[in-house]
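Enquirer: One file: protein22.txt (compact mmCIF, C-alpha atoms and all ligand atoms).
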```txt
# COMPACT_ATOMS: atom_id res chain seq x y z
CA MET A 1 174.49 -97.28 101.62
CA ASP A 2 174.06 -93.61 100.56
CA PHE A 3 175.86 -92.73 97.32
CA TYR A 4 177.36 -89.30 96.49
CA ASP A 5 179.33 -87.96 93.56
CA ILE A 6 181.59 -86.12 95.98
CA ILE A 7 182.09 -86.62 99.69
CA ILE A 8 184.13 -84.04 101.53
CA VAL A 9 185.37 -85.01 104.96
CA GLY A 10 185.97 -81.98 107.20
CA GLY A 11 183.59 -79.05 107.58
CA GLY A 12 186.28 -76.38 107.74
CA ALA A 13 187.42 -73.63 105.38
CA ALA A 14 188.87 -75.97 102.74
CA GLY A 15 185.93 -78.40 102.88
CA PHE A 16 183.22 -75.78 102.44
CA PHE A 17 185.08 -73.92 99.70
CA THR A 18 185.52 -77.16 97.78
CA ALA A 19 181.87 -78.19 98.14
CA ILE A 20 180.45 -74.83 97.07
CA ASN A 21 182.70 -74.54 94.03
CA ALA A 22 182.02 -78.10 92.92
CA ALA A 23 178.26 -77.56 93.16
CA GLU A 24 178.55 -74.25 91.35
CA ASN A 25 180.50 -75.93 88.52
CA ASN A 26 177.99 -78.75 88.18
CA PRO A 27 174.63 -78.35 89.97
CA ASP A 28 173.65 -81.95 89.17
CA LEU A 29 176.30 -83.41 91.48
CA LYS A 30 175.24 -85.00 94.74
CA ILE A 31 177.63 -83.55 97.33
CA LEU A 32 178.00 -84.31 101.04
CA ILE A 33 180.16 -82.72 103.74
CA LEU A 34 180.87 -84.93 106.74
CA GLU A 35 182.02 -83.18 109.93
CA ARG A 36 183.00 -84.95 113.13
CA GLY A 37 182.05 -82.05 115.45
CA LYS A 38 178.65 -80.72 116.42
CA GLU A 39 179.38 -77.53 114.55
CA VAL A 40 181.09 -76.68 111.29
CA LEU A 41 183.58 -73.91 110.50
CA THR A 42 184.72 -73.57 114.11
CA LYS A 43 188.19 -72.30 113.17
CA VAL A 44 186.75 -69.77 110.75
CA ARG A 45 184.60 -68.47 113.61
CA VAL A 46 187.56 -67.80 115.92
CA SER A 47 189.95 -66.80 113.15
CA GLY A 48 191.63 -63.42 113.12
CA GLY A 49 190.42 -62.69 116.64
CA GLY A 50 186.79 -63.26 115.52
CA ARG A 51 187.20 -61.04 112.45
CA CYS A 52 188.47 -63.71 109.97
CA ASN A 53 191.54 -62.58 108.09
CA VAL A 54 190.28 -64.01 104.77
CA THR A 55 193.32 -63.30 102.60
CA HIS A 56 196.20 -60.84 102.09
CA ALA A 57 196.52 -58.01 99.60
CA GLU A 58 199.40 -59.55 97.69
CA PHE A 59 198.61 -59.92 94.01
CA ILE A 60 201.80 -61.30 92.50
CA PRO A 61 202.03 -65.12 92.68
CA ALA A 62 205.85 -65.06 92.89
CA GLU A 63 205.61 -62.77 95.94
CA LEU A 64 202.66 -64.56 97.52
CA VAL A 65 204.45 -67.93 97.58
CA LYS A 66 207.27 -66.39 99.62
CA LYS A 67 204.92 -66.30 102.61
CA TYR A 68 204.79 -70.10 102.76
CA PRO A 69 207.71 -71.73 104.61
CA ARG A 70 206.23 -75.04 103.46
CA GLY A 71 204.52 -75.05 100.06
CA GLU A 72 206.43 -72.22 98.40
CA LYS A 73 207.38 -74.19 95.30
CA GLU A 74 204.18 -76.21 94.99
CA LEU A 75 201.72 -73.29 95.30
CA ARG A 76 203.30 -71.27 92.49
CA GLY A 77 201.25 -73.02 89.76
CA PRO A 78 197.97 -73.09 91.71
CA PHE A 79 198.26 -69.37 92.55
CA HIS A 80 198.41 -68.59 88.85
CA LYS A 81 194.94 -70.13 88.62
CA PHE A 82 193.31 -68.89 91.84
CA MET A 83 194.71 -66.37 94.29
CA THR A 84 193.97 -63.13 96.15
CA GLY A 85 192.13 -61.26 93.38
CA ASP A 86 189.97 -64.33 92.72
CA THR A 87 189.19 -64.67 96.43
CA ILE A 88 188.10 -61.03 96.62
CA ALA A 89 185.93 -61.48 93.50
CA TRP A 90 184.48 -64.79 94.81
CA PHE A 91 183.28 -63.21 98.03
CA GLY A 92 182.27 -60.01 96.22
CA GLU A 93 179.98 -62.00 93.89
CA ARG A 94 178.29 -63.31 97.01
CA GLY A 95 177.76 -59.87 98.48
CA ILE A 96 180.74 -59.83 100.81
CA GLU A 97 183.04 -56.87 100.61
CA LEU A 98 186.56 -57.19 101.96
CA LYS A 99 188.70 -54.34 103.27
CA THR A 100 192.47 -54.09 103.46
CA GLU A 101 194.30 -53.04 106.62
CA GLU A 102 197.55 -51.10 106.58
CA ASP A 103 199.67 -54.26 106.87
CA GLY A 104 197.88 -55.95 103.94
CA ARG A 105 195.55 -58.23 105.91
CA MET A 106 192.05 -58.44 104.43
CA PHE A 107 188.87 -58.80 106.51
CA PRO A 108 185.15 -58.62 105.76
CA VAL A 109 184.02 -54.99 106.17
CA THR A 110 181.71 -56.21 108.93
CA ASP A 111 184.78 -57.19 110.99
CA SER A 112 182.97 -60.42 111.81
CA SER A 113 183.79 -64.01 110.88
CA HIS A 114 180.05 -64.72 111.00
CA THR A 115 179.77 -62.94 107.65
CA ILE A 116 181.93 -65.66 106.08
CA ILE A 117 180.17 -68.50 107.92
CA ASP A 118 176.72 -67.16 106.94
CA CYS A 119 177.87 -66.92 103.32
CA PHE A 120 179.05 -70.54 103.26
CA THR A 121 175.90 -71.78 104.99
CA ARG A 122 173.66 -69.85 102.60
CA GLU A 123 175.55 -71.15 99.57
CA CYS A 124 175.26 -74.76 100.76
CA LYS A 125 171.49 -74.37 101.09
CA ARG A 126 171.15 -72.71 97.70
CA LEU A 127 173.21 -75.42 95.99
CA ASN A 128 171.67 -78.39 97.83
CA ILE A 129 174.91 -79.45 99.47
CA LYS A 130 174.20 -81.83 102.31
CA VAL A 131 176.08 -81.21 105.57
CA GLN A 132 176.09 -83.93 108.25
CA THR A 133 177.70 -83.23 111.62
CA GLY A 134 178.61 -85.83 114.24
CA HIS A 135 180.26 -88.06 111.63
CA SER A 136 183.88 -88.85 112.36
CA LEU A 137 185.59 -90.70 109.53
CA LYS A 138 187.06 -93.97 110.83
CA LYS A 139 187.92 -95.97 107.70
CA PHE A 140 187.93 -95.53 103.96
CA LYS A 141 188.94 -97.71 101.04
CA ARG A 142 188.35 -98.04 97.33
CA PRO A 143 187.65 -101.71 96.60
CA ASP A 144 186.57 -100.95 93.02
CA ASP A 145 185.58 -97.69 91.30
CA LEU A 146 183.96 -96.14 94.35
CA TRP A 147 185.22 -95.00 97.72
CA VAL A 148 183.59 -96.66 100.71
CA LEU A 149 183.61 -94.63 103.93
CA GLU A 150 182.76 -95.60 107.47
CA THR A 151 182.12 -93.01 110.13
CA ASN A 152 181.11 -93.55 113.76
CA SER A 153 177.48 -93.20 112.68
CA GLY A 154 177.14 -94.50 109.14
CA SER A 155 178.52 -95.78 105.84
CA PHE A 156 178.73 -93.94 102.54
CA GLN A 157 179.87 -94.44 98.96
CA ALA A 158 181.41 -91.79 96.76
CA ARG A 159 183.00 -91.47 93.35
CA ASN A 160 185.33 -88.71 94.54
CA LEU A 161 186.66 -88.28 98.05
CA MET A 162 188.15 -85.04 99.40
CA LEU A 163 189.94 -85.12 102.74
CA ALA A 164 189.98 -81.66 104.30
CA THR A 165 190.43 -82.77 107.88
CA GLY A 166 193.07 -80.21 108.86
CA SER A 167 195.77 -81.50 111.16
CA ASN A 168 194.00 -84.59 112.47
CA THR A 169 196.68 -87.18 113.25
CA LYS A 170 194.24 -90.09 112.97
CA ILE A 171 193.54 -89.31 109.32
CA TRP A 172 197.27 -88.92 108.64
CA ASN A 173 197.81 -92.37 110.21
CA LEU A 174 195.14 -93.89 107.95
CA LEU A 175 196.77 -92.26 104.92
CA GLU A 176 200.17 -93.58 105.99
CA LYS A 177 198.74 -97.09 106.00
CA MET A 178 197.59 -96.47 102.42
CA GLY A 179 201.13 -95.63 101.36
CA HIS A 180 201.23 -91.83 101.77
CA SER A 181 204.21 -90.25 103.54
CA ILE A 182 203.38 -87.87 106.36
CA VAL A 183 205.81 -85.16 107.45
CA PRO A 184 205.62 -85.10 111.29
CA ALA A 185 203.56 -82.23 112.70
CA VAL A 186 205.05 -79.41 114.78
CA PRO A 187 203.46 -76.11 115.84
CA SER A 188 203.97 -72.95 113.82
CA LEU A 189 203.03 -69.31 114.54
CA PHE A 190 203.82 -68.93 118.24
CA THR A 191 205.29 -66.23 120.45
CA PHE A 192 208.52 -66.43 122.44
CA ASN A 193 208.59 -66.67 126.27
CA ILE A 194 211.31 -64.47 127.76
CA LYS A 195 212.00 -63.50 131.34
CA ASP A 196 214.37 -60.55 131.24
CA GLU A 197 214.74 -57.41 133.31
CA ARG A 198 215.18 -55.31 130.17
CA ILE A 199 211.63 -55.93 128.95
CA LYS A 200 209.90 -56.64 132.26
CA ASP A 201 207.99 -53.37 132.34
CA LEU A 202 207.63 -52.77 128.63
CA ALA A 203 204.53 -54.87 127.80
CA GLY A 204 202.55 -53.23 125.02
CA ILE A 205 205.49 -51.48 123.38
CA ALA A 206 206.00 -52.16 119.68
CA SER A 207 209.00 -51.17 117.59
CA ASP A 208 210.52 -52.23 114.29
CA ALA A 209 213.38 -54.67 114.81
CA GLU A 210 215.64 -57.21 113.16
CA VAL A 211 215.69 -60.51 114.97
CA LYS A 212 217.97 -63.47 114.41
CA ILE A 213 218.19 -66.83 116.06
CA LEU A 214 221.74 -67.29 117.25
CA ASN A 215 223.62 -70.28 115.83
CA GLU A 216 220.85 -70.91 113.26
CA ASN A 217 220.51 -69.41 109.84
CA LEU A 218 217.18 -67.77 110.65
CA GLU A 219 216.35 -64.08 110.76
CA SER A 220 213.43 -61.75 110.15
CA SER A 221 212.44 -58.14 110.49
CA GLY A 222 209.27 -56.14 111.10
CA PRO A 223 207.26 -54.88 114.05
CA LEU A 224 208.19 -56.56 117.34
CA LEU A 225 205.70 -56.42 120.19
CA ILE A 226 206.80 -56.80 123.81
CA THR A 227 204.22 -58.75 125.83
CA HIS A 228 203.79 -59.74 129.49
CA TRP A 229 205.33 -63.11 128.59
CA GLY A 230 208.06 -62.13 126.19
CA MET A 231 207.95 -61.12 122.54
CA SER A 232 205.38 -61.31 119.74
CA GLY A 233 204.48 -59.32 116.62
CA PRO A 234 205.21 -60.06 112.95
CA ALA A 235 209.02 -60.21 113.37
CA ILE A 236 208.69 -62.99 115.96
CA LEU A 237 205.79 -64.84 114.32
CA LYS A 238 207.65 -65.00 111.01
CA LEU A 239 210.63 -66.57 112.79
CA SER A 240 208.35 -69.09 114.50
CA ALA A 241 206.97 -70.13 111.10
CA TRP A 242 210.25 -70.30 109.18
CA GLY A 243 212.00 -71.97 112.13
CA ALA A 244 209.06 -74.23 113.14
CA ARG A 245 211.06 -77.43 112.78
CA GLU A 246 214.45 -76.17 114.05
CA LEU A 247 212.92 -74.50 117.11
CA ASN A 248 210.99 -77.68 117.90
CA GLU A 249 214.26 -79.61 117.80
CA LEU A 250 215.74 -77.06 120.22
CA ASN A 251 212.75 -77.73 122.49
CA TYR A 252 212.00 -73.99 122.32
CA ASN A 253 215.15 -73.10 124.30
CA PHE A 254 217.43 -70.83 122.30
CA LYS A 255 218.86 -67.33 122.08
CA ILE A 256 217.94 -64.45 119.79
CA GLY A 257 219.80 -61.30 118.85
CA VAL A 258 217.62 -58.19 118.52
CA ASN A 259 218.58 -55.07 116.57
CA TRP A 260 216.21 -52.28 117.65
CA LEU A 261 217.62 -50.08 114.87
CA PRO A 262 217.06 -52.09 111.65
CA GLY A 263 219.56 -51.38 108.92
CA TYR A 264 222.22 -50.00 111.26
CA SER A 265 225.32 -51.81 112.50
CA GLU A 266 226.84 -51.55 115.94
CA MET A 267 229.75 -49.49 114.56
CA GLU A 268 227.44 -47.05 112.79
CA ILE A 269 225.39 -46.51 115.94
CA LEU A 270 228.54 -46.07 118.02
CA GLU A 271 229.53 -43.20 115.73
CA VAL A 272 226.05 -41.65 116.07
CA LEU A 273 226.24 -41.95 119.88
CA LYS A 274 229.68 -40.34 119.93
CA GLU A 275 228.26 -37.35 118.06
CA MET A 276 225.33 -37.18 120.49
CA LYS A 277 227.78 -37.05 123.38
CA PHE A 278 228.94 -33.67 122.04
CA SER A 279 225.72 -32.27 120.61
CA ASN A 280 223.59 -33.23 123.65
CA SER A 281 226.35 -32.92 126.24
CA LYS A 282 224.29 -31.16 128.93
CA GLN A 283 221.17 -33.33 128.60
CA LEU A 284 220.33 -36.37 130.70
CA VAL A 285 220.83 -39.50 128.57
CA ALA A 286 217.73 -41.28 129.82
CA LYS A 287 215.41 -38.31 129.72
CA ARG A 288 214.71 -37.93 126.03
CA ALA A 289 214.28 -40.92 123.67
CA GLN A 290 216.68 -40.93 120.73
CA LEU A 291 216.87 -42.63 117.35
CA ASP A 292 213.05 -42.74 117.00
CA LEU A 293 212.72 -45.41 119.69
CA PRO A 294 209.75 -45.48 122.06
CA LYS A 295 210.79 -43.66 125.25
CA ARG A 296 210.54 -46.62 127.64
CA LEU A 297 212.46 -48.86 125.24
CA TRP A 298 215.22 -46.24 124.97
CA GLN A 299 215.36 -45.92 128.77
CA SER A 300 215.54 -49.68 129.23
CA ASN A 301 218.49 -49.83 126.78
CA VAL A 302 220.19 -47.00 128.66
CA SER A 303 219.84 -48.68 132.03
CA ALA A 304 220.93 -52.07 130.58
CA SER A 305 224.14 -50.29 129.49
CA LYS A 306 224.90 -49.43 133.15
CA ILE A 307 224.23 -45.73 132.57
CA LYS A 308 222.80 -44.08 135.70
CA PRO A 309 219.48 -42.18 135.48
CA ASP A 310 221.24 -38.90 136.37
CA SER A 311 224.09 -39.32 133.82
CA LYS A 312 224.44 -36.58 131.22
CA TRP A 313 225.67 -37.32 127.70
CA ALA A 314 228.97 -35.61 128.51
CA ASP A 315 229.51 -38.04 131.44
CA LEU A 316 229.53 -41.16 129.23
CA ASN A 317 232.83 -42.96 128.84
CA LYS A 318 233.89 -45.03 125.85
CA GLU A 319 232.87 -48.32 127.48
CA GLN A 320 229.33 -47.04 128.15
CA LEU A 321 228.94 -45.81 124.59
CA ILE A 322 230.04 -49.20 123.29
CA GLN A 323 227.64 -51.00 125.64
CA LEU A 324 224.75 -48.79 124.57
CA SER A 325 225.47 -49.36 120.88
CA GLN A 326 225.59 -53.11 121.57
CA GLN A 327 222.30 -53.08 123.47
CA LEU A 328 220.64 -51.13 120.70
CA THR A 329 221.84 -53.29 117.81
CA SER A 330 222.64 -56.77 119.11
CA ALA A 331 220.90 -57.36 122.44
CA VAL A 332 220.81 -61.07 123.26
CA PHE A 333 217.67 -62.55 124.86
CA GLU A 334 217.14 -66.08 126.07
CA ILE A 335 213.94 -67.85 125.01
CA LYS A 336 212.49 -70.42 127.39
CA GLY A 337 209.40 -71.91 125.80
CA LYS A 338 206.62 -70.60 123.59
CA SER A 339 203.04 -69.36 123.91
CA THR A 340 200.07 -69.64 121.58
CA PHE A 341 199.38 -66.68 119.35
CA LYS A 342 195.63 -66.37 119.82
CA GLU A 343 194.79 -64.65 116.54
CA GLU A 344 196.10 -67.40 114.27
CA PHE A 345 198.04 -70.63 114.57
CA VAL A 346 198.71 -73.59 112.36
CA THR A 347 200.58 -76.86 112.23
CA ALA A 348 203.61 -77.41 110.05
CA GLY A 349 203.66 -80.94 108.62
CA GLY A 350 201.17 -83.17 106.83
CA ILE A 351 200.90 -85.08 103.58
CA ASP A 352 204.21 -85.04 101.72
CA LEU A 353 203.82 -82.61 98.83
CA LYS A 354 205.68 -84.89 96.40
CA GLU A 355 202.68 -87.21 96.50
CA VAL A 356 200.13 -84.62 95.35
CA ASP A 357 199.37 -83.36 91.84
CA PHE A 358 199.15 -79.59 92.27
CA LYS A 359 197.17 -79.08 89.07
CA THR A 360 194.21 -80.81 90.70
CA PHE A 361 195.19 -81.42 94.36
CA GLU A 362 194.63 -85.13 93.69
CA SER A 363 196.70 -87.84 95.34
CA LYS A 364 199.35 -89.24 93.01
CA LEU A 365 198.92 -92.60 94.74
CA HIS A 366 195.14 -93.01 94.76
CA LYS A 367 192.74 -92.05 92.00
CA ASN A 368 189.82 -89.76 92.89
CA LEU A 369 191.29 -88.91 96.28
CA TYR A 370 191.81 -85.18 96.85
CA PHE A 371 193.26 -82.99 99.61
CA ALA A 372 193.06 -79.29 100.50
CA GLY A 373 194.01 -77.03 103.38
CA GLU A 374 196.04 -77.84 106.42
CA ILE A 375 196.04 -81.64 105.88
CA LEU A 376 198.85 -80.96 103.39
CA ASP A 377 202.39 -80.08 104.48
CA ILE A 378 201.67 -76.43 103.65
CA ASP A 379 201.56 -73.53 106.07
CA ALA A 380 202.22 -69.83 105.99
CA ILE A 381 203.21 -66.91 108.12
CA THR A 382 200.38 -64.99 109.76
CA GLY A 383 198.28 -62.57 107.70
CA GLY A 384 195.53 -64.48 105.85
CA PHE A 385 197.83 -66.73 103.83
CA ASN A 386 196.70 -69.95 105.51
CA PHE A 387 193.11 -69.40 104.42
CA GLN A 388 194.31 -68.48 100.92
CA ASN A 389 195.90 -71.93 100.72
CA ALA A 390 192.57 -73.50 101.70
CA TRP A 391 190.64 -71.44 99.10
CA THR A 392 193.12 -72.17 96.30
CA GLY A 393 193.29 -75.91 96.98
CA GLY A 394 189.52 -76.16 97.37
CA PHE A 395 188.88 -74.27 94.15
CA LEU A 396 191.21 -76.39 92.01
CA ALA A 397 190.13 -79.71 93.53
CA ALA A 398 186.48 -78.74 92.98
CA LYS A 399 187.21 -78.03 89.33
CA ALA A 400 188.86 -81.41 88.90
CA MET A 401 186.09 -83.33 90.71
CA SER A 402 183.23 -81.65 88.90
C1 LIG B 501 192.69 -69.48 116.49
C2 LIG B 501 193.04 -69.53 115.02
C3 LIG B 501 192.89 -68.39 114.27
C4 LIG B 501 193.23 -68.42 112.90
N1 LIG B 501 193.07 -67.28 112.17
C5 LIG B 501 193.40 -67.29 110.85
C6 LIG B 501 193.19 -66.14 110.05
O1 LIG B 501 192.62 -65.13 110.50
N2 LIG B 501 193.61 -66.20 108.75
C7 LIG B 501 194.17 -67.32 108.20
O2 LIG B 501 194.52 -67.31 107.02
N3 LIG B 501 194.32 -68.42 108.93
C8 LIG B 501 193.94 -68.45 110.22
N4 LIG B 501 194.10 -69.59 110.97
C9 LIG B 501 194.55 -70.80 110.28
C10 LIG B 501 193.34 -71.40 109.54
O3 LIG B 501 192.26 -71.43 110.43
C11 LIG B 501 193.64 -72.79 109.02
O4 LIG B 501 194.75 -72.75 108.17
C12 LIG B 501 192.43 -73.29 108.23
O5 LIG B 501 191.30 -73.32 109.08
C13 LIG B 501 192.67 -74.67 107.66
O6 LIG B 501 191.47 -75.09 107.07
P1 LIG B 501 191.14 -76.62 106.89
O7 LIG B 501 189.79 -76.66 106.31
O8 LIG B 501 192.25 -77.27 106.20
O9 LIG B 501 191.16 -77.22 108.36
P2 LIG B 501 190.20 -76.95 109.60
O10 LIG B 501 189.68 -75.56 109.57
O11 LIG B 501 190.97 -77.39 110.78
O12 LIG B 501 188.97 -77.92 109.35
C14 LIG B 501 189.08 -79.31 109.44
C15 LIG B 501 187.74 -79.86 109.81
O13 LIG B 501 187.78 -81.28 109.69
C16 LIG B 501 187.12 -81.84 110.78
N5 LIG B 501 187.61 -83.22 110.95
C17 LIG B 501 188.84 -83.60 111.35
N6 LIG B 501 188.93 -84.94 111.38
C18 LIG B 501 187.73 -85.42 110.97
C19 LIG B 501 187.21 -86.72 110.81
N7 LIG B 501 187.93 -87.82 111.06
N8 LIG B 501 185.94 -86.86 110.36
C20 LIG B 501 185.18 -85.77 110.09
N9 LIG B 501 185.64 -84.51 110.25
C21 LIG B 501 186.89 -84.33 110.69
C22 LIG B 501 187.46 -80.92 111.92
O14 LIG B 501 186.56 -81.07 113.00
C23 LIG B 501 187.38 -79.57 111.26
O15 LIG B 501 186.09 -79.03 111.31
C24 LIG B 501 193.74 -69.60 112.32
C25 LIG B 501 193.88 -70.74 113.10
C26 LIG B 501 193.51 -70.72 114.42
C27 LIG B 501 193.65 -71.97 115.23
```
Take the structure I supplied and represent it as structure tokens, if you would.
Ligand SMILES: Cc1cc2nc3c(=O)[nH]c(=O)nc-3n(C[C@H](O)[C@H](O)[C@H](O)COP(=O)(O)OP(=O)(O)OC[C@H]3O[C@@H](n4cnc5c(N)ncnc54)[C@H](O)[C@@H]3O)c2cc1C
Expert:
Amino acid sequence: MDFYDIIIVGGGAAGFFTAINAAENNPDLKILILERGKEVLTKVRVSGGGRCNVTHAEFIPAELVKKYPRGEKELRGPFHKFMTGDTIAWFGERGIELKTEEDGRMFPVTDSSHTIIDCFTRECKRLNIKVQTGHSLKKFKRPDDLWVLETNSGSFQARNLMLATGSNTKIWNLLEKMGHSIVPAVPSLFTFNIKDERIKDLAGIASDAEVKILNENLESSGPLLITHWGMSGPAILKLSAWGARELNELNYNFKIGVNWLPGYSEMEILEVLKEMKFSNSKQLVAKRAQLDLPKRLWQSNVSASKIKPDSKWADLNKEQLIQLSQQLTSAVFEIKGKSTFKEEFVTAGGIDLKEVDFKTFESKLHKNLYFAGEILDIDAITGGFNFQNAWTGGFLAAKAMS
């Protein structure tokens, strides 16, 4: 049976980052990555729409943790040891420059995830890390000081075992049998399906908005994108992450309230509209967009308030002004189902965080067993934070193992 100092199961972001850092720390270690698929790093390849959103330009640990609906408390310590600045430096030392987009997302300057994959592959070769594909882990145990692993195509022994198998239920089931608690998995980072006349012809329009889920204590704000299927954009994706569990329990059927004029109340907007009635009295209401809204969004709000296309501001009665202020600040939409957000999605759920030592990412139940990445009950909103979790966990586990 082949012996290794470290075996890492899972050839994804967390697995590769762990292996490379461990080998860098101690070049004498014999390290093996076992991957069930034919290829490694498949999620990295498709990540960020093929551009790989490596991390996010947030440099304060206390702020960074706020992006993690699950893992906020636990990642605080680890981020003090390895976070965004370290990630940028790590890739920089390996010749990969990252750039920051306006919203804080960071990508390789090449705009290609292949840059990251090529870097990891090159590093594995340089550091003599063995990568074996087509090995799906089936069983593992630690009868004495060493871990014994069985895959569909072989058996291995290791002093240290890292499980970086993402959200594979089979591995969670095996861990449950070994005494670990697993928080049930539900999807996170999805868009909302809505069929509604008011947004039917508005696909492609984006506007800042405040969104809240009615009857739940969940709200967010930011750009909202209207799509052919409903709504997407940061404001919606954040809600899908923070409400992952609640929205699953509602079977993705619920109502949201949208304020297209963030920061303003219905009463405040009613006063503004009353003033417009006098100052714009001779103009057609629908003709010119007001309040900095995109024109078609303004027009859709006007028609939803039962204001005719040929109505002038002076024609509006009190009821119409009230309706318009309501549409603009508290429009209710019904959600019926969800769709996948193609640029990034994750699973909420995984190994219960109480059972992990976050100084080392080692299991508190089993010695020399480590975890990193999505296998843990940690996930973030969209923007590069999910990879940052994988890098941070991998880095600290590698330090402990080597
Ligand atoms: C389409 C998409 C785009 C994304 N884009 C971004 C982005 O731009 N930025 C960002 O921060 N996050 C992004 N994410 C999220 C990010 O990809 C994940 O958080 C991250 O990949 C988790 O890394 P991981 O190594 O824990 O798991 P994974 O990347 O899922 O890797 C796990 C690996 O383990 C292997 N494996 C599983 N079970 C076994 C087994 N029994 N034996 C052997 N091998 C096994 C799997 O085949 C897989 O290769 C995206 C996700 C998706 C789906």
Enquirer: For ligand LIG 501 (chain B), which residue out of A:Gly134, A:Pro108, A:Pro143, A:Gly71 is the nearest one, using only C-alpha atoms and all ligand atoms?
Expert: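 Going through A:Gly134, A:Pro108, A:Pro143, A:Gly71 one by one, the smallest distance to ligand LIG 501 (chain B) is for A:Gly134.
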Enquirer: In Å to one decimal, how far is atom CA of Asn215 of chain A from atom CA of Val302 of chain A?
Expert: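 So the answer is 26.8 Å.
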Enquirer: Neighbours of Ala22 of chain A within 8 Å (all atoms listed in the file; same-chain residues fewer than 5 positions away dropped), as a list in words?
Expert: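 Here the qualifying residues turn out to be Pro27, Leu29, Phe395, Ala398, Lys399, Met401 and Ser402 of chain A.
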Enquirer: Residues contacting ligand LIG 501 (chain B) - anything with an atom at most 7 Å away, using all atoms listed in the file - can you give me those as an MDAnalysis selection string?
Expert: chainID A and resid 9:15 34:37 40:44 46:49 52:55 135:138 164:168 170:171 342:346 372:375 382:388 390
Enquirer: Atom CA of Thr360 of chain A and atom CA of Ala380 of chain A are how many Å apart?
Expert: 20.5 Å
Enquirer: So how far away is atom CA of Ser221 of chain A from atom CA of Lys238 of chain A, in Å?
Expert: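 Between atom CA of Lys238 of chain A and atom CA of Ser221 of chain A the gap is 8.4 Å.
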Enquirer: Report as a PyMOL selection string all protein, DNA and RNA residues lying within 10 Å of Ser303 of chain A, evaluated on only C-alpha atoms, omitting residues in the same chain fewer than 6 positions from it.
Expert: chain A and resi 198+285-286+309+324+327
Enquirer: Select, from A:Lys212, A:Arg296, A:His228, A:His80, the residue with the minimum atom-to-atom distance to Lys255 of chain A, counting only C-alpha atoms.
Expert: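 Smallest distance to Lys255 of chain A is found for A:Lys212.
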Enquirer: At most 6 Å from (204.7, -73.2, 112.9), file frame, all atoms listed in the file: which residues, as an MDAnalysis selection string?
Expert: chainID A and resid 187:189 240:241 244 347:348
Enquirer: Write out, as JSON lines, each residue of segment 264-335 of chain A that has an atom at most 10 Å from segment 229-235 of chain A, together with the closest pair of atoms and their distance in Å to one decimal, counting only C-alpha atoms, rows going by chain and rising number.
Expert:
```
{"residue": "A:Phe333", "atom": "CA", "partner": "A:Gly230", "partner_atom": "CA", "distance": 9.7}
{"residue": "A:Glu334", "atom": "CA", "partner": "A:Gly230", "partner_atom": "CA", "distance": 9.9}
{"residue": "A:Ile335", "atom": "CA", "partner": "A:Gly230", "partner_atom": "CA", "distance": 8.3}
```
Enquirer: Counting only C-alpha atoms, figure out which residue out of A:Arg142, A:Lys312, A:Lys287, A:Arg245 gets nearest to Val183 of chain A.
Expert: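 Closest to Val183 of chain A of all the choices is A:Arg245.
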Enquirer: Taking (219.6, -42.0, 134.2) as a centre in this file's frame and 12 Å as the limit, can you find every polymer residue with an atom that close, using all atoms listed in the file, and give them as a PyMOL selection string?
Expert: chain A and resi 283-289+298-313+315-316
Enquirer: Which one of A:His366, A:Glu219, A:Ser207, A:Trp242 sits closest to Lys295 of chain A if you count only C-alpha atoms?
Expert: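 That would be A:Ser207, the residue with the smallest distance to Lys295 of chain A.
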Enquirer: Excluding Leu75 of chain A and residues on its chain fewer than 3 positions from it, collect all residues at most 12 Å away from it, counting all atoms listed in the file, and give them as a PyMOL selection string.
Expert: chain A and resi 61-72+78-83+353+356-361+372-373+376-380+385-386+388-393+396
Enquirer: For a quick check of understanding, using all atoms listed in the file, which of A:Gln326, A:Glu58, A:Ile33, A:Asp28 has the smallest distance to Glu266 of chain A?
Expert: A:Gln326
